[in-house]
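Note: the block below is coords.cif and it holds mmCIF, C-alpha atoms.
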```
data_upload
loop_
_atom_site.label_atom_id
_atom_site.label_comp_id
_atom_site.auth_asym_id
_atom_site.auth_seq_id
_atom_site.Cartn_x
_atom_site.Cartn_y
_atom_site.Cartn_z
CA MET K 1 193.30 85.29 119.87
CA LEU K 2 190.25 85.52 117.66
CA HIS K 3 189.22 88.74 115.86
CA GLU K 4 185.62 89.65 115.23
CA LEU K 5 184.76 89.95 111.53
CA ASN K 6 181.74 91.95 110.33
CA LEU K 7 180.36 89.99 107.43
CA MET K 8 177.43 92.54 106.94
CA ASP K 9 179.52 95.35 105.38
CA TRP K 10 178.93 94.26 101.87
CA ARG K 11 175.21 94.16 102.52
CA GLN K 12 175.23 97.69 103.88
CA SER K 13 177.27 98.96 101.00
CA GLN K 14 174.95 97.26 98.56
CA SER K 15 171.94 98.78 100.30
CA TYR K 16 173.62 102.16 100.21
CA ARG K 17 174.30 101.82 96.51
CA ARG K 18 170.69 100.88 95.89
CA LYS K 19 169.53 103.93 97.81
CA ARG K 20 171.89 106.15 95.85
CA LEU K 21 170.58 104.67 92.63
CA LEU K 22 166.98 105.18 93.74
CA TYR K 23 167.66 108.75 94.80
CA GLY K 24 169.43 109.36 91.52
CA LEU K 25 166.48 107.99 89.62
CA TRP K 26 164.11 110.18 91.62
CA LEU K 27 166.34 113.20 91.00
CA LEU K 28 166.60 112.39 87.31
CA GLY K 29 162.83 111.97 87.08
CA GLY K 30 162.31 115.30 88.85
CA CYS K 31 164.74 117.02 86.51
CA LEU K 32 163.05 115.48 83.50
CA TRP K 33 159.64 116.54 84.82
CA ILE K 34 160.90 120.09 85.41
CA ALA K 35 162.47 120.15 81.95
CA ALA K 36 159.20 118.93 80.43
CA GLN K 37 157.30 121.63 82.33
CA VAL K 38 159.76 124.28 81.16
CA ILE K 39 159.45 123.10 77.55
CA PHE K 40 155.65 123.01 77.83
CA PHE K 41 155.61 126.51 79.34
CA CYS K 42 157.87 127.83 76.58
CA ARG K 43 155.67 126.31 73.90
CA TRP K 44 152.55 127.64 75.60
CA HIS K 45 154.12 131.10 75.89
CA GLN K 46 155.06 131.04 72.20
CA GLN K 47 151.54 130.06 71.25
CA GLN K 48 150.08 132.77 73.47
CA THR K 49 152.43 135.33 71.94
CA PHE K 50 151.52 134.15 68.44
CA TRP K 51 147.80 134.33 69.17
CA GLN K 52 148.17 137.79 70.73
CA GLN K 53 150.11 139.05 67.73
CA SER K 54 147.53 137.51 65.39
CA GLU K 55 144.74 139.15 67.37
CA GLN K 56 146.52 142.49 67.25
CA ARG K 57 146.99 142.21 63.48
CA LEU K 58 143.34 141.21 63.11
CA ASN K 59 142.22 144.15 65.25
CA ALA K 60 144.41 146.48 63.21
CA GLN K 61 142.91 145.17 59.96
CA LEU K 62 139.42 145.42 61.42
CA SER K 63 140.09 148.99 62.52
CA GLU K 64 141.39 149.84 59.05
CA GLN K 65 138.32 148.29 57.44
CA GLN K 66 136.06 150.26 59.79
CA LYS K 67 137.86 153.47 58.86
CA ARG K 68 137.42 152.67 55.19
CA LEU K 69 133.76 151.85 55.80
CA TYR K 70 133.21 155.15 57.64
CA ALA K 71 134.99 157.01 54.84
CA TRP K 72 132.87 155.24 52.22
CA GLN K 73 129.69 156.00 54.16
CA ALA K 74 130.74 159.65 54.43
CA ARG K 75 131.40 159.81 50.68
CA GLN K 76 128.09 158.09 49.96
CA GLN K 77 126.24 160.51 52.23
CA HIS K 78 128.02 163.44 50.57
CA ALA K 79 127.13 162.06 47.15
CA GLN K 80 123.49 161.64 48.20
CA GLN K 81 123.43 165.21 49.48
CA ASN K 82 124.91 166.45 46.21
CA GLN K 83 122.37 164.36 44.30
CA ARG K 84 119.51 165.84 46.34
CA LYS K 85 120.90 169.34 45.78
CA LEU K 86 121.19 168.64 42.06
CA ALA K 87 117.62 167.30 41.96
CA ASP K 88 116.40 170.39 43.85
CA ALA K 89 118.32 172.64 41.47
CA GLU K 90 116.89 170.86 38.44
CA GLN K 91 113.40 171.09 39.92
CA TRP K 92 113.88 174.78 40.68
CA ILE K 93 115.15 175.43 37.15
CA ALA K 94 112.25 173.46 35.70
CA HIS K 95 109.72 175.46 37.76
CA SER K 96 111.44 178.75 36.94
CA GLN K 97 111.22 177.96 33.23
CA LEU K 98 107.53 177.08 33.29
CA PRO K 99 106.15 180.66 33.04
CA PRO K 100 108.38 181.71 30.09
CA ARG K 101 107.75 178.39 28.35
CA LEU K 102 104.01 178.76 28.79
CA MET K 103 104.01 182.34 27.55
CA SER K 104 106.18 181.34 24.60
CA VAL K 105 103.77 178.54 23.70
CA LEU K 106 100.74 180.81 24.01
CA ALA K 107 102.42 183.54 21.98
CA SER K 108 103.20 181.12 19.16
CA ALA K 109 99.74 179.51 19.21
CA ILE K 110 97.52 182.55 19.65
CA SER K 111 96.02 184.16 16.58
CA GLY K 112 93.68 186.97 15.70
CA GLY K 113 90.32 186.88 17.42
CA ILE K 114 91.63 185.16 20.57
CA TYR K 115 91.66 187.05 23.87
CA LEU K 116 92.97 185.59 27.12
CA GLU K 117 91.19 186.60 30.30
CA ALA K 118 93.10 184.68 32.97
CA ILE K 119 96.01 182.27 33.29
CA HIS K 120 96.40 180.18 36.45
CA LEU K 121 99.66 178.22 36.73
CA ALA K 122 100.13 175.59 39.46
CA ASP K 123 103.08 173.23 39.24
CA ARG K 124 102.98 171.95 35.64
CA GLN K 125 99.25 172.56 35.09
CA ALA K 126 97.85 175.76 33.69
CA VAL K 127 94.19 176.75 33.42
CA ILE K 128 93.48 179.30 30.69
CA GLN K 129 90.28 181.30 30.35
CA GLY K 130 89.64 183.30 27.22
CA LEU K 131 87.35 184.56 24.50
CA SER K 132 87.15 183.82 20.81
CA ARG K 133 85.44 185.92 18.16
CA HIS K 134 84.97 182.94 15.86
CA PRO K 135 84.76 179.19 16.51
CA THR K 136 87.38 178.59 13.83
CA ALA K 137 89.87 180.81 15.66
CA MET K 138 89.30 178.88 18.87
CA SER K 139 89.66 175.54 17.05
CA ARG K 140 92.87 176.73 15.38
CA PHE K 141 94.23 177.93 18.74
CA ILE K 142 93.46 174.58 20.42
CA GLN K 143 94.94 172.64 17.51
CA ARG K 144 98.17 174.64 17.68
CA LEU K 145 98.41 173.99 21.39
CA ARG K 146 97.92 170.25 20.87
CA GLN K 147 100.71 170.20 18.27
CA THR K 148 103.19 171.92 20.57
CA PRO K 149 105.78 169.46 22.01
CA SER K 150 105.87 171.38 25.28
CA ILE K 151 102.20 170.60 25.95
CA GLN K 152 101.86 167.08 27.27
CA GLN K 153 98.07 167.09 27.61
CA LEU K 154 95.24 169.50 26.80
CA ASP K 155 91.73 169.23 28.23
CA ILE K 156 88.78 171.41 27.24
CA LEU K 157 87.01 172.23 30.48
CA SER K 158 84.19 174.36 29.10
CA VAL K 159 83.04 176.15 25.94
CA THR K 160 80.17 178.65 25.85
CA ASP K 161 78.56 179.51 22.53
CA GLN K 162 77.66 183.12 23.23
CA THR K 163 77.95 185.87 25.81
CA PRO K 164 75.08 188.35 25.41
CA ASP K 165 76.39 190.60 28.20
CA TRP K 166 79.31 191.64 26.00
CA GLY K 167 77.14 193.28 23.37
CA SER K 168 78.05 190.85 20.60
CA GLU K 169 78.51 187.14 20.11
CA PHE K 170 81.66 185.54 21.52
CA ASN K 171 82.78 182.05 22.40
CA THR K 172 84.24 181.67 25.87
CA PHE K 173 86.51 178.76 26.62
CA GLN K 174 88.42 177.31 29.51
CA LEU K 175 91.40 175.02 28.85
CA ARG K 176 93.65 173.00 31.12
CA LEU K 177 97.21 172.43 29.92
CA GLU K 178 99.79 170.07 31.34
CA ILE K 179 103.29 171.22 30.48
CA ALA K 180 105.91 168.55 29.78
CA ALA K 181 108.59 168.13 32.41
CA ILE K 182 112.02 169.58 31.74
CA THR K 183 114.96 167.21 32.08
CA ALA K 184 118.60 168.09 32.70
CA THR K 185 119.36 167.82 28.98
CA ASP K 186 116.55 170.18 28.00
CA TRP K 187 117.96 173.32 29.58
CA SER K 188 121.10 175.35 29.46
CA PRO K 189 121.98 178.97 30.27
CA GLU K 190 121.41 179.83 26.61
CA THR K 191 117.91 178.34 26.63
CA ILE K 192 117.07 180.18 29.84
CA GLU K 193 118.16 183.50 28.34
CA ALA K 194 116.23 182.69 25.16
CA ASP K 195 113.08 181.89 27.13
CA VAL K 196 113.39 185.10 29.11
CA ALA K 197 113.80 187.04 25.86
CA ILE K 198 110.76 185.29 24.40
CA GLU K 199 108.77 186.16 27.50
CA SER K 200 109.58 189.84 27.20
CA VAL K 201 108.74 189.94 23.48
CA ALA K 202 105.98 187.38 23.02
CA THR K 203 103.84 187.94 26.12
CA LYS K 204 100.50 189.42 25.19
CA PRO K 205 98.38 191.36 27.67
CA VAL K 206 95.39 189.63 29.13
CA ALA K 207 92.21 190.95 27.68
CA THR K 208 89.72 192.82 29.82
CA ARG K 209 86.07 193.42 29.13
CA GLY K 210 86.65 197.10 28.44
CA SER K 211 89.44 196.51 25.94
CA VAL K 212 87.46 193.88 24.06
CA GLU K 213 84.37 196.12 24.00
CA LYS K 214 86.45 198.99 22.62
CA GLN K 215 87.94 196.69 20.01
CA ASP K 216 84.47 195.38 19.16
CA ASN K 217 83.05 198.91 18.83
CA HIS K 218 86.01 199.92 16.69
CA ASP K 219 85.47 196.93 14.41
CA ALA K 220 81.76 197.70 14.21
CA HIS K 221 82.46 201.27 13.04
#
```
Conversion result in structure tokens:
Amino acid sequence: MLHELNLMDWRQSQSYRRKRLLYGLWLLGGCLWIAAQVIFFCRWHQQQTFWQQSEQRLNAQLSEQQKRLYAWQARQQHAQQNQRKLADAEQWIAHSQLPPRLMSVLASAISGGIYLEAIHLADRQAVIQGLSRHPTAMSRFIQRLRQTPSIQQLDILSVTDQTPDWGSEFNTFQLRLEIAAITATDWSPETIEADVAIESVATKPVATRGSVEKQDNHDAH
């Protein structure tokens, strides 16, 4: 009796082994691809985290710099305001000292035979109108004013030889003085008090026509 033998088993088993090997290769490739994707994602996540942290640190530094800039601008603005206030105070002090300085200068320069009719002070310029009994007295008065350090410039606006309406001969004059500016080193509380004291002592009354006529009549007698 003959038995049937299947001679194709080894071929089937070989084909099965090849399929298993192919499936294993596909599975290994898929696992490797997934592992590569996981590694790439981890690296990408680390880079993103690093860049975010760097951006946060940069933003924090930028915010700190902006705060410092705002603080510096505030200090600069405060310093400018203080500087303007100081300049205004110096200007106010300079203007407040102009009248006593002018009166002190006039009191030290005026001599006998000089009468002041009017004094007009505007800013640092003063226009003085007066009378002189003798031309030499007027020349001496003008020379003293020119030699005063407080007078920056002196201009003679007009000089009249005689005034017949006054009953005797006089010389009338009109002068324009420019007072030198006062700096911060030129004044102190002591100088202000001294100028005020000089003003109260050295200021001479402005001459009027009646007073000069009385003085002229008294001199004539």
**Prompt:** What is the CA of Glu55 in chain K-CA of Val38 in chain K distance in Å, reported with one decimal?
**Reply:**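 Taking CA of Glu55 in chain K and CA of Val38 in chain K, their separation equals 25.2 Å.
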**Message:** Starting from the PyMOL selection byres ((chain K and resi 135) around 10), expand the selection into actual residues of this file and give them as a PyMOL selection string.
**Reply:** chain K and resi 113-114+131-134+136-141+161+170-172
**Pick from K:Leu22, K:Leu154, K:Ile128, K:Ala109 nearest to Gln174 in chain K, counting all atoms listed in the file** =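 Smallest separation from Gln174 in chain K among the options: K:Ile128.
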**Request:** Apply the PyMOL selection byres ((chain K and resi 153) around 12) to the structure shown and report the selected residues as a list of chain:residue names.
**Result:**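 Selection result, ordered by chain and number: K:Arg124, K:Gln125, K:Ala126, K:Val127, K:Ile142, K:Gln143, K:Leu145, K:Arg146, K:Gln147, K:Thr148, K:Pro149, K:Ser150, K:Ile151, K:Gln152, K:Leu154, K:Asp155, K:Ile156, K:Leu175, K:Arg176, K:Leu177, K:Glu178, K:Ile179, K:Ala180, K:Ala181.
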**Prompt:** CA of Gln129 in chain K to CA of Ala107 in chain K: how many Å, to one decimal?
**Reply:**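 The value is 14.9 Å.
The interatomic distance for the pair CA of Arg101 in chain K and CA of Leu116 in chain K works out to 16.5 Å.
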